[in-house]
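As stored in work.cif (mmCIF, C-alpha atoms and all ligand atoms):
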```cif
data_my_file
loop_
_atom_site.label_atom_id
_atom_site.label_comp_id
_atom_site.auth_asym_id
_atom_site.auth_seq_id
_atom_site.Cartn_x
_atom_site.Cartn_y
_atom_site.Cartn_z
CA MET A 1 153.90 120.85 -68.79
CA ALA A 2 150.52 119.31 -69.56
CA GLY A 3 147.88 121.93 -70.08
CA ALA A 4 150.17 124.85 -70.88
CA LYS A 5 148.57 127.08 -73.49
CA PRO A 6 150.45 127.91 -76.67
CA VAL A 7 151.24 131.56 -77.31
CA THR A 8 148.64 132.76 -79.81
CA SER A 9 149.51 134.94 -82.78
CA ALA A 10 147.42 137.78 -81.32
CA GLU A 11 149.36 137.50 -78.07
CA PHE A 12 152.69 137.55 -79.88
CA ALA A 13 151.60 140.57 -81.91
CA ALA A 14 150.70 142.33 -78.65
CA LEU A 15 154.16 141.52 -77.23
CA MET A 16 155.90 142.83 -80.36
CA GLY A 17 153.71 145.90 -80.94
CA PRO A 18 155.24 148.25 -78.36
CA LEU A 19 158.78 147.26 -79.46
CA GLY A 20 158.37 148.54 -83.05
CA PRO A 21 158.33 150.14 -85.57
CA PHE A 22 159.94 147.37 -87.61
CA SER A 23 161.49 147.16 -91.04
CA ASP A 24 160.66 144.24 -93.34
CA LEU A 25 163.50 141.94 -92.23
CA ILE A 26 163.70 140.67 -88.64
CA ALA A 27 166.57 138.47 -87.48
CA VAL A 28 165.97 135.71 -84.90
CA GLY A 29 168.69 133.91 -82.94
CA CYS A 30 167.76 130.24 -83.29
CA SER A 31 169.75 127.64 -81.36
CA GLY A 32 167.39 124.81 -82.25
CA GLY A 33 166.35 124.53 -78.58
CA PRO A 34 162.65 124.71 -77.72
CA ASP A 35 162.59 128.37 -76.71
CA SER A 36 164.20 129.93 -79.72
CA LEU A 37 162.46 127.48 -82.04
CA ALA A 38 159.09 128.59 -80.66
CA LEU A 39 160.21 132.19 -81.07
CA THR A 40 161.20 131.52 -84.68
CA ARG A 41 157.84 129.95 -85.42
CA LEU A 42 155.88 132.78 -83.79
CA ALA A 43 158.03 135.51 -85.36
CA ASP A 44 157.79 133.95 -88.81
CA ALA A 45 153.98 133.84 -88.69
CA TRP A 46 153.86 137.37 -87.29
CA ALA A 47 156.26 138.73 -89.92
CA ARG A 48 154.38 137.08 -92.81
CA GLY A 49 151.16 138.68 -91.61
CA ARG A 50 152.83 142.08 -92.05
CA GLY A 51 154.45 141.38 -95.42
CA ALA A 52 157.84 141.09 -93.69
CA SER A 53 160.17 138.12 -93.29
CA VAL A 54 162.38 136.46 -90.74
CA LEU A 55 166.03 135.49 -91.03
CA ALA A 56 166.95 132.68 -88.62
CA LEU A 57 170.58 132.98 -87.50
CA ILE A 58 172.06 129.73 -86.24
CA VAL A 59 175.32 130.05 -84.33
CA GLU A 60 177.37 126.89 -84.52
CA HIS A 61 179.76 126.90 -81.57
CA GLY A 62 181.82 124.01 -82.88
CA LEU A 63 182.29 122.63 -79.36
CA ARG A 64 180.81 119.20 -80.03
CA ALA A 65 181.61 116.85 -82.87
CA GLU A 66 178.01 116.75 -84.04
CA SER A 67 177.30 120.51 -83.88
CA ALA A 68 177.97 121.23 -87.58
CA ALA A 69 175.61 118.47 -88.66
CA GLU A 70 172.98 119.67 -86.17
CA ALA A 71 173.19 123.24 -87.45
CA ALA A 72 172.89 122.04 -91.04
CA SER A 73 169.85 119.88 -90.31
CA LEU A 74 168.20 122.72 -88.37
CA ALA A 75 168.81 125.08 -91.30
CA ALA A 76 167.36 122.53 -93.74
CA ALA A 77 164.26 122.04 -91.58
CA LEU A 78 163.67 125.79 -91.31
CA THR A 79 164.23 126.27 -95.03
CA ALA A 80 161.58 123.61 -95.66
CA GLN A 81 159.17 125.83 -93.69
CA GLY A 82 160.04 128.76 -95.97
CA ILE A 83 162.26 130.48 -93.39
CA ALA A 84 165.56 131.98 -94.58
CA THR A 85 168.54 130.84 -92.51
CA ARG A 86 172.21 131.58 -92.06
CA ILE A 87 174.69 129.41 -90.15
CA LEU A 88 177.39 131.31 -88.27
CA PRO A 89 180.33 129.03 -87.34
CA LEU A 90 182.39 130.19 -84.33
CA GLY A 91 185.14 127.59 -83.94
CA LEU A 92 185.80 128.47 -80.29
CA PRO A 93 188.87 126.91 -78.66
CA ALA A 94 188.12 124.82 -75.53
CA GLY A 95 189.51 126.10 -72.20
CA PRO A 96 188.49 128.08 -69.14
CA GLY A 97 185.50 130.46 -69.09
CA LEU A 98 183.98 128.63 -72.01
CA GLN A 99 180.34 129.57 -71.42
CA GLU A 100 181.13 133.26 -71.05
CA ARG A 101 183.41 133.27 -74.11
CA ALA A 102 180.75 131.44 -76.10
CA ARG A 103 178.09 133.92 -75.01
CA ARG A 104 180.18 136.92 -76.08
CA ALA A 105 181.27 135.41 -79.38
CA ARG A 106 177.69 134.35 -80.11
CA ARG A 107 176.35 137.82 -79.47
CA ALA A 108 179.04 139.40 -81.66
CA ALA A 109 178.39 136.93 -84.49
CA LEU A 110 174.60 137.44 -84.33
CA LEU A 111 174.96 141.22 -84.40
CA ALA A 112 177.52 141.17 -87.22
CA ALA A 113 175.15 138.97 -89.25
CA CYS A 114 172.31 141.47 -88.62
CA ALA A 115 174.47 144.31 -89.92
CA GLU A 116 175.47 142.29 -92.95
CA ALA A 117 171.89 141.29 -93.77
CA GLY A 118 170.50 144.76 -93.05
CA ALA A 119 168.25 143.56 -90.20
CA LEU A 120 167.63 146.31 -87.64
CA HIS A 121 166.17 143.97 -84.99
CA LEU A 122 167.48 140.76 -83.45
CA LEU A 123 164.96 138.67 -81.50
CA LEU A 124 166.18 136.34 -78.74
CA GLY A 125 164.17 133.63 -77.03
CA HIS A 126 164.76 134.43 -73.35
CA HIS A 127 161.65 133.62 -71.33
CA ALA A 128 160.30 134.16 -67.82
CA GLY A 129 162.31 131.23 -66.42
CA ASP A 130 165.55 132.69 -67.82
CA GLN A 131 164.66 136.03 -66.28
CA ALA A 132 164.04 134.44 -62.87
CA GLU A 133 167.36 132.63 -63.08
CA THR A 134 169.13 135.83 -63.97
CA VAL A 135 167.67 137.64 -60.95
CA LEU A 136 168.63 134.76 -58.65
CA PHE A 137 172.06 134.37 -60.15
CA ARG A 138 172.81 138.06 -59.76
CA ALA A 139 171.39 138.13 -56.22
CA LEU A 140 173.71 135.25 -55.31
CA ARG A 141 176.64 137.20 -56.72
CA GLY A 142 175.68 140.31 -54.73
CA SER A 143 174.69 142.46 -57.72
CA GLY A 144 173.33 145.94 -57.07
CA GLU A 145 169.91 147.21 -57.97
CA ALA A 146 170.66 147.70 -61.67
CA GLY A 147 171.83 144.09 -61.98
CA LEU A 148 168.82 142.79 -60.08
CA ALA A 149 166.56 144.41 -62.68
CA ALA A 150 167.96 141.55 -64.82
CA MET A 151 167.42 141.36 -68.58
CA SER A 152 165.68 144.15 -70.39
CA VAL A 153 163.10 143.56 -73.14
CA SER A 154 165.25 145.69 -75.43
CA THR A 155 168.97 146.39 -75.49
CA VAL A 156 170.61 148.81 -77.88
CA ALA A 157 173.66 147.58 -79.79
CA ALA A 158 175.44 149.44 -82.57
CA GLU A 159 174.42 146.90 -85.22
CA ALA A 160 170.81 146.20 -84.22
CA LEU A 161 168.25 146.54 -81.46
CA ILE A 162 168.17 143.32 -79.42
CA LEU A 163 164.63 142.35 -78.40
CA ARG A 164 163.41 139.70 -75.97
CA PRO A 165 159.66 139.66 -76.59
CA LEU A 166 159.08 136.43 -74.62
CA LEU A 167 160.53 137.60 -71.33
CA SER A 168 157.15 137.44 -69.60
CA ILE A 169 156.18 134.01 -71.01
CA PRO A 170 156.82 130.79 -69.02
CA LYS A 171 158.90 128.16 -70.76
CA ASP A 172 156.15 125.51 -70.80
CA ARG A 173 153.99 127.80 -72.94
CA LEU A 174 156.83 128.06 -75.47
CA THR A 175 157.17 124.31 -75.62
CA ALA A 176 153.40 124.11 -76.13
CA SER A 177 153.73 126.61 -78.98
CA LEU A 178 155.74 124.06 -80.97
CA GLU A 179 152.89 121.54 -81.10
CA GLY A 180 151.89 120.58 -84.62
CA TRP A 181 155.09 121.95 -86.15
CA PRO A 182 157.26 119.42 -87.95
CA ILE A 183 160.54 120.75 -86.47
CA ARG A 184 161.56 119.00 -83.25
CA PRO A 185 163.82 120.91 -80.82
CA PHE A 186 167.32 119.85 -79.76
CA GLN A 187 168.19 119.78 -76.10
CA ASP A 188 171.64 121.28 -75.57
CA PRO A 189 173.55 118.87 -73.27
CA SER A 190 175.40 121.80 -71.64
CA ASN A 191 172.03 123.01 -70.28
CA ALA A 192 172.04 119.96 -67.99
CA ASP A 193 175.76 119.98 -67.20
CA PRO A 194 176.15 120.67 -63.45
CA ARG A 195 179.58 122.26 -64.02
CA PHE A 196 177.79 125.36 -65.30
CA ALA A 197 176.31 127.70 -62.71
CA ARG A 198 173.15 128.37 -64.70
CA ALA A 199 172.46 124.68 -65.07
CA ARG A 200 172.84 124.29 -61.29
CA LEU A 201 170.27 127.04 -60.73
CA ARG A 202 167.96 125.46 -63.26
CA ALA A 203 168.15 122.18 -61.35
CA ALA A 204 167.31 123.94 -58.06
CA GLY A 205 163.60 123.93 -58.89
CA ASP A 206 160.88 126.56 -59.21
CA THR A 207 162.33 130.06 -59.27
CA SER A 208 159.20 131.91 -60.31
CA GLY A 209 158.94 133.75 -56.98
CA VAL A 210 161.94 135.92 -57.76
CA LEU A 211 160.37 137.22 -60.97
CA ALA A 212 158.22 139.71 -59.10
CA ALA A 213 161.31 141.13 -57.41
CA GLY A 214 163.10 141.37 -60.77
CA GLY A 215 160.06 143.15 -62.23
CA ALA A 216 160.03 145.70 -59.43
CA PHE A 217 163.73 146.41 -59.92
CA GLY A 218 163.08 146.62 -63.66
CA ARG A 219 160.41 149.29 -63.19
CA ARG A 220 162.75 151.27 -60.97
CA ARG A 221 165.48 150.97 -63.56
CA ASN A 222 163.12 152.26 -66.26
CA ARG A 223 162.16 155.28 -64.14
CA LEU A 224 165.82 156.00 -63.48
CA ALA A 225 166.67 155.60 -67.19
CA ALA A 226 164.00 158.17 -68.09
CA ALA A 227 165.37 160.60 -65.49
CA VAL A 228 168.91 160.03 -66.79
CA ALA A 229 167.78 160.79 -70.36
CA ASP A 230 166.18 164.07 -69.21
CA ARG A 231 169.29 165.07 -67.30
CA LEU A 232 171.49 164.15 -70.25
CA ALA A 233 169.50 166.48 -72.49
CA ALA A 234 169.69 169.31 -69.93
CA ALA A 235 173.29 169.05 -68.75
CA VAL A 236 175.45 167.37 -71.40
CA ARG A 237 176.39 167.89 -75.03
CA LEU A 238 177.96 164.85 -76.69
CA LEU A 239 180.44 165.58 -79.45
CA PRO A 240 181.14 163.14 -82.29
CA GLU A 241 184.87 163.52 -81.57
CA GLY A 242 184.30 161.26 -78.54
CA CYS A 243 184.04 163.76 -75.70
CA ALA A 244 181.28 165.53 -73.78
CA GLU A 245 180.69 169.09 -72.71
CA VAL A 246 179.19 169.15 -69.22
CA ALA A 247 177.28 171.80 -67.27
CA PRO A 248 178.30 170.77 -63.71
CA LEU A 249 175.60 172.77 -61.94
CA ARG A 250 172.83 171.16 -63.98
CA LEU A 251 174.47 167.74 -63.67
CA GLY A 252 174.07 167.58 -59.87
CA GLN A 253 175.36 164.81 -57.59
CA ASP A 254 172.31 162.66 -56.90
CA ALA A 255 171.57 159.07 -58.04
CA VAL A 256 170.56 160.31 -61.50
CA ALA A 257 173.87 162.20 -61.85
CA ARG A 258 175.81 159.13 -60.70
CA ARG A 259 174.15 156.91 -63.28
CA LEU A 260 174.55 159.50 -66.03
CA MET A 261 178.20 160.19 -65.24
CA GLY A 262 178.94 156.44 -65.07
CA ALA A 263 177.46 155.98 -68.55
CA LEU A 264 179.33 159.01 -69.91
CA ILE A 265 182.63 157.76 -68.52
CA ARG A 266 182.05 154.39 -70.12
CA ALA A 267 181.24 156.01 -73.47
CA VAL A 268 184.15 158.48 -73.41
CA GLY A 269 186.72 156.18 -71.76
CA GLY A 270 185.85 153.35 -74.14
CA ARG A 271 186.06 150.55 -71.54
CA GLU A 272 183.72 147.63 -71.67
CA HIS A 273 182.35 148.18 -68.17
CA GLY A 274 181.50 151.47 -66.49
CA PRO A 275 183.16 152.46 -63.18
CA ALA A 276 181.77 151.46 -59.76
CA GLU A 277 179.04 153.77 -58.48
CA ALA A 278 181.04 154.71 -55.37
CA ALA A 279 183.96 155.85 -57.54
CA VAL A 280 181.61 157.97 -59.65
CA ALA A 281 180.11 159.53 -56.50
CA ASP A 282 183.63 160.37 -55.36
CA LEU A 283 184.48 161.96 -58.72
CA LEU A 284 181.26 164.03 -58.70
CA ALA A 285 182.13 165.29 -55.21
CA ARG A 286 185.65 166.27 -56.36
CA GLY A 287 184.33 168.01 -59.48
CA SER A 288 187.20 166.86 -61.72
CA GLY A 289 189.70 164.03 -62.12
CA SER A 290 190.34 160.74 -63.93
CA LEU A 291 188.19 157.62 -63.90
CA GLY A 292 187.65 154.64 -66.21
CA GLY A 293 189.76 155.95 -69.11
CA ALA A 294 188.12 159.40 -69.03
CA LEU A 295 189.40 162.71 -67.69
CA TRP A 296 187.06 165.34 -66.28
CA THR A 297 188.91 168.61 -66.81
CA ARG A 298 189.71 170.97 -63.92
CA ASP A 299 187.08 173.52 -64.89
CA GLY A 300 184.49 170.69 -64.84
CA ARG A 301 183.45 171.58 -68.38
CA TRP A 302 184.81 168.69 -70.43
CA LEU A 303 184.88 164.95 -70.13
CA VAL A 304 187.59 163.76 -72.51
CA PRO A 305 189.37 160.45 -73.16
CA GLU A 306 192.59 160.03 -71.21
CA PRO A 307 195.70 160.22 -73.40
CA GLY A 308 195.81 157.08 -75.51
CA ALA A 309 192.19 156.04 -74.82
CA ALA A 310 190.85 157.52 -78.06
CA THR A 311 193.46 155.80 -80.20
CA ALA A 312 192.87 152.44 -78.49
CA ARG A 313 189.52 152.16 -80.27
CA PHE A 314 191.16 152.23 -83.66
CA ARG A 315 193.53 149.35 -83.00
CA GLY A 316 192.95 146.64 -85.56
CA LYS A 317 191.58 149.21 -88.04
CA VAL A 318 194.87 150.69 -89.17
CA PRO A 319 195.18 150.88 -92.97
CA ALA A 320 198.13 148.86 -94.29
CA GLY A 321 201.31 150.89 -94.47
CA TYR A 322 200.38 153.40 -91.74
CA VAL A 323 200.88 153.67 -87.98
CA LEU A 324 198.39 154.82 -85.38
CA GLY A 325 199.04 157.43 -82.69
CA SER A 326 197.63 160.60 -81.17
CA LEU A 327 197.49 163.85 -83.14
CA GLY A 328 199.77 165.42 -80.51
CA ALA A 329 201.80 168.43 -81.69
CA ASP A 330 200.24 168.28 -85.18
CA ALA A 331 197.06 169.55 -83.51
CA ALA A 332 198.30 173.12 -83.92
CA SER A 333 198.29 172.93 -87.72
CA LEU A 334 194.73 171.54 -87.80
CA ARG A 335 193.27 173.86 -85.12
CA GLY A 336 191.19 175.63 -87.75
CA ARG A 337 189.22 172.44 -88.46
CA ALA A 338 187.89 172.15 -84.91
CA ARG A 339 187.96 175.43 -83.00
CA HIS A 340 185.18 174.18 -80.72
CA LEU A 341 187.28 171.36 -79.24
CA PRO A 342 189.36 171.70 -76.09
CA ALA A 343 193.11 171.34 -76.68
CA ALA A 344 193.27 168.04 -74.74
CA VAL A 345 190.69 166.44 -77.04
CA LEU A 346 192.29 167.76 -80.21
CA ALA A 347 195.75 166.49 -79.24
CA GLY A 348 194.33 163.10 -78.24
CA LEU A 349 192.48 162.42 -81.50
CA PRO A 350 193.63 159.31 -83.34
CA ALA A 351 195.92 160.05 -86.27
CA PHE A 352 197.44 157.76 -88.88
CA ARG A 353 200.97 158.53 -90.05
CA GLU A 354 203.50 157.19 -92.50
CA PRO A 355 205.88 154.97 -90.55
CA GLY A 356 209.26 156.31 -91.73
CA ASN A 357 208.88 160.07 -91.76
CA GLY A 358 205.92 160.43 -89.39
CA LYS A 359 204.00 162.40 -92.01
CA LEU A 360 200.35 162.90 -91.08
CA ALA A 361 198.12 160.91 -93.44
CA LEU A 362 194.63 160.65 -91.95
CA VAL A 363 192.73 162.16 -88.99
CA PRO A 364 189.23 160.66 -89.24
CA HIS A 365 187.50 162.98 -86.74
CA LEU A 366 188.75 166.09 -88.53
CA ALA A 367 188.03 164.73 -92.01
CA TYR A 368 191.72 165.28 -92.74
CA LEU A 369 193.10 163.11 -95.52
CA ASP A 370 196.51 163.69 -96.97
CA ARG A 371 196.46 163.97 -100.78
CA GLU A 372 198.87 161.13 -101.36
CA MET A 373 196.91 158.78 -99.12
CA SER A 374 193.68 159.63 -100.89
CA VAL A 375 195.30 158.57 -104.18
CA ARG A 376 196.39 155.29 -102.58
CA LEU A 377 192.94 154.64 -101.13
CA THR A 378 191.35 155.32 -104.49
CA THR A 379 193.71 152.74 -105.94
CA VAL A 380 192.72 150.19 -103.31
CA PHE A 381 189.01 150.70 -103.95
CA ALA A 382 189.40 150.96 -107.71
CA PRO A 383 186.61 149.56 -109.90
CA PRO A 384 187.31 146.67 -112.29
CA GLY A 385 189.20 147.69 -115.40
CA GLY A 386 192.24 149.06 -113.61
CA PRO A 387 192.85 151.55 -110.85
CA VAL A 388 191.53 155.06 -111.23
CA THR A 389 194.44 157.47 -110.99
CA GLU A 390 194.84 161.17 -111.45
CA SER A 391 195.73 160.56 -115.11
CA HIS A 392 192.07 159.69 -115.77
CA PHE A 393 191.17 163.25 -114.91
CA ALA A 394 193.96 164.93 -116.87
CA GLU A 395 192.88 167.00 -119.83
N1 LIG B 401 173.53 128.72 -80.97
C1 LIG B 401 172.68 129.75 -81.05
N2 LIG B 401 172.36 130.26 -82.26
C2 LIG B 401 171.51 131.30 -82.38
N3 LIG B 401 170.91 131.88 -81.33
C3 LIG B 401 171.17 131.40 -80.10
C4 LIG B 401 172.07 130.32 -79.89
N4 LIG B 401 172.12 130.05 -78.58
C5 LIG B 401 171.31 130.94 -77.99
N5 LIG B 401 170.73 131.75 -78.88
C6 LIG B 401 169.74 132.82 -78.65
O1 LIG B 401 169.88 133.33 -77.35
C7 LIG B 401 168.72 133.03 -76.58
C8 LIG B 401 169.09 132.72 -75.17
O2 LIG B 401 170.12 131.78 -75.10
P1 LIG B 401 170.11 130.64 -74.00
O3 LIG B 401 171.41 129.97 -74.04
O4 LIG B 401 169.57 131.18 -72.74
O5 LIG B 401 169.00 129.76 -74.67
P2 LIG B 401 168.87 128.21 -74.72
O6 LIG B 401 168.94 127.66 -73.35
O7 LIG B 401 169.79 127.69 -75.77
O8 LIG B 401 167.37 128.20 -75.18
P3 LIG B 401 166.77 127.65 -76.50
O9 LIG B 401 167.87 126.98 -77.20
O10 LIG B 401 165.68 126.75 -76.03
O11 LIG B 401 166.28 128.80 -77.29
C9 LIG B 401 168.07 131.87 -77.30
O12 LIG B 401 166.69 131.79 -77.03
C10 LIG B 401 168.34 132.22 -78.73
O13 LIG B 401 167.45 133.22 -79.21
#
```
Show me the file's structure as structure tokens.
Amino acid sequence: MAGAKPVTSAEFAALMGPLGPFSDLIAVGCSGGPDSLALTRLADAWARGRGASVLALIVEHGLRAESAAEAASLAAALTAQGIATRILPLGLPAGPGLQERARRARRAALLAACAEAGALHLLLGHHAGDQAETVLFRALRGSGEAGLAAMSVSTVAAEALILRPLLSIPKDRLTASLEGWPIRPFQDPSNADPRFARARLRAAGDTSGVLAAGGAFGRRRNRLAAAVADRLAAAVRLLPEGCAEVAPLRLGQDAVARRLMGALIRAVGGREHGPAEAAVADLLARGSGSLGGALWTRDGRWLVPEPGAATARFRGKVPAGYVLGSLGADAASLRGRARHLPAAVLAGLPAFREPGNGKLALVPHLAYLDREMSVRLTTVFAPPGGPVTESHFAE
């Protein structure tokens, strides 16, 4: 570690520059470990120089007795440096698959906090060593070329753009970047726990050689992503109702078409993972059929959610006193609201009904809201001073 050069503010600005434009609040995931602490320090100085500010988000996993106290002392130390903080407690239950569950819950909590705070960007402290591990780890698991491209500098999420500006920086330079700062990093004991696969890789020694391979795969992935975006614009029209209109002849059947169709199926079918590339190739060759929760209609023109797939997304968001189902036969009465949609999409749209009589109350995609439900919703969201009812508007 001796001799490693700290990351200068000019260098950090050069890493951030191409990832912008930025708004005036940037969130940073700060675990209190050396990498994300260095990131927090660099990002704070960079943001101040632009009249912006940083919000350090500290996820407290609650897996060790001392984690709450550690999170609180980290927050206090950052606050003393003039950095705004927020602690996000997770309270994860112990049990199998802990690291993966923790990773998912952490990501969800960080993104939810970004949305709540109005931060459009979330910075994470992954560095070159993490990237090398990811390439190796995926190679050992037999990942394909997309997986071997490893982590991307930016990942789009609904709540914020996730950025990893330090992906090309070796860890020892991050540690060096903490010199002269009063905050000392924690070392997470699970990072050295040989039960975890990543920790085993970390202990295996220098992995820098695989970075070049990961970079080459990354450049290929970027070229493919650009080609997919062009093809998407030329061959597909995405509809806000959750389906896609496809021009099969322009779509083609090559690698670009396979990647594009895989992404479309994932978006329309609503599953967490897209289908396997071989299955997509098979579907493209057939020209229609079902895959991954999506149905490609016989004429090849529409990719629509399979029956039930569209409603699945609304589970957990059902207003009290209503039940969720597909629009089904009620589609006929609302046809006039969406003449452009194929019948299969219209009938599959999520609809909320009254439980007893099955009366249609709300169809979000068609902006249909039953009069009685609108009165009830107004009551729920009434301002202080009593609910607003129709009587307020009576002459
Ligand atoms: N508990 C946490 N709270 C907030 N952000 C976190 C937390 N754990 C991880 N992150 C974010 O995710 C990044 C990558 O996580 P990873 O587990 O690889 O990091 P780490 O080994 O904990 O590194 P370090 O703690 O030194 O930043 C971190 O650099 C940080 O930005």
> Near A:Leu284, within 8 Å and counting only C-alpha atoms, which residues show up once chain neighbours fewer than 4 positions away are dropped, as a VMD selection string?
Replying inline: chain A and resid 253 258 280 288
Show me a table, sorted first by chain and then by increasing residue number, of the residues of chain A having an atom at most 6 Å from ligand LIG 401 (chain B), each with its shortest atom pair and the distance in Å to one decimal, counting all atoms listed in the file and written as JSON lines.
```
{"residue": "A:Gly29", "atom": "CA", "partner": "B:LIG401", "partner_atom": "N3", "distance": 3.4}
{"residue": "A:Cys30", "atom": "CA", "partner": "B:LIG401", "partner_atom": "C2", "distance": 4.0}
{"residue": "A:Ser31", "atom": "CA", "partner": "B:LIG401", "partner_atom": "C1", "distance": 3.6}
{"residue": "A:Gly32", "atom": "CA", "partner": "B:LIG401", "partner_atom": "O9", "distance": 5.5}
{"residue": "A:Gly33", "atom": "CA", "partner": "B:LIG401", "partner_atom": "O9", "distance": 3.2}
{"residue": "A:Pro34", "atom": "CA", "partner": "B:LIG401", "partner_atom": "O10", "distance": 4.0}
{"residue": "A:Asp35", "atom": "CA", "partner": "B:LIG401", "partner_atom": "O10", "distance": 3.6}
{"residue": "A:Ser36", "atom": "CA", "partner": "B:LIG401", "partner_atom": "O11", "distance": 3.4}
{"residue": "A:Leu57", "atom": "CA", "partner": "B:LIG401", "partner_atom": "C2", "distance": 5.5}
{"residue": "A:Ile58", "atom": "CA", "partner": "B:LIG401", "partner_atom": "N2", "distance": 4.0}
{"residue": "A:Val59", "atom": "CA", "partner": "B:LIG401", "partner_atom": "N2", "distance": 3.6}
{"residue": "A:Glu60", "atom": "CA", "partner": "B:LIG401", "partner_atom": "N1", "distance": 5.5}
{"residue": "A:Leu124", "atom": "CA", "partner": "B:LIG401", "partner_atom": "O13", "distance": 3.4}
{"residue": "A:Gly125", "atom": "CA", "partner": "B:LIG401", "partner_atom": "O12", "distance": 3.1}
{"residue": "A:His126", "atom": "CA", "partner": "B:LIG401", "partner_atom": "O12", "distance": 4.9}
```
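Take atom CA of A:Ala343 and atom CA of A:Ala331: the distance between them is 8.1 Å.
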>> Which residues are close to A:Glu277, i.e. within 10 Å by all atoms listed in the file, leaving aside same-chain residues fewer than 4 positions away? Reply as a ChimeraX atom specification.
In response: /A:144,255,258-259,261-262,281-283
> How far is it from atom CA of A:Ala279 to atom CA of A:Gly242, in Å with one decimal?
Replying inline: 21.7 Å
> So, counting only C-alpha atoms, which residue among A:Ala117, A:Ala244, A:Ala338, A:Pro165 is closest to A:Val304?
Replying inline: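 Among the listed residues, A:Ala244 lies closest to A:Val304.
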> Interatomic distance between atom CA of A:Ala10 and atom CA of A:Ala45?
Replying inline: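 Atom CA of A:Ala45 lies at a distance of 10.6 Å from atom CA of A:Ala10.
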>> With all atoms listed in the file as the counted atoms, please give the residues lying no more than 10 Å from A:Ala38, apart from itself and same-chain residues fewer than 5 positions off, as a ChimeraX atom specification.
In response: /A:6-7,30,32-33,43-44,125,166,171,173-179,181,183,185
>> Nearest residue to A:Val135 out of A:Val345, A:Ala278, A:Met151, A:Pro170, using all atoms listed in the file?
In response: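 The answer is A:Met151, which sits nearest to A:Val135.
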>> Need to verify the contact set: A:Arg301, 12 Å, all atoms listed in the file, exclusion of same-chain residues closer than 3 positions in sequence. Can you return it as JSON, numbers by chain?
In response: {"A": [235, 236, 237, 243, 244, 245, 246, 247, 248, 249, 250, 251, 287, 288, 289, 295, 296, 297, 298, 304, 341, 342]}
>> From the options A:Asp330, A:Glu354, A:Asp172, A:Glu241, which residue's atoms come nearest to A:His127, counting all atoms listed in the file?
In response: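 Closest to A:His127, using all atoms listed in the file: A:Asp172.
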> Using only C-alpha atoms, which of the listed residues (A:Leu123, A:Arg371, A:Ala68, A:Ala102) sits closest to A:Ala160?
Replying inline: A:Leu123
Find the smallest box with edges along x, y and z containing every listed atom of stretch 152-171 of chain A, then add 3 Å on each side and report centre and edge lengths in Å to one decimal, as AutoDock Vina command-line options.
```
--center_x 165.8 --center_y 138.8 --center_z -77.1 --size_x 25.3 --size_y 27.3 --size_z 22.2
```
>> Show me, as a PyMOL selection string, the residues that have an atom within 6 Å of stretch 216-229 of chain A when counting all atoms listed in the file, minus same-chain residues fewer than 3 positions from it.
In response: chain A and resi 149+213+232+256+260
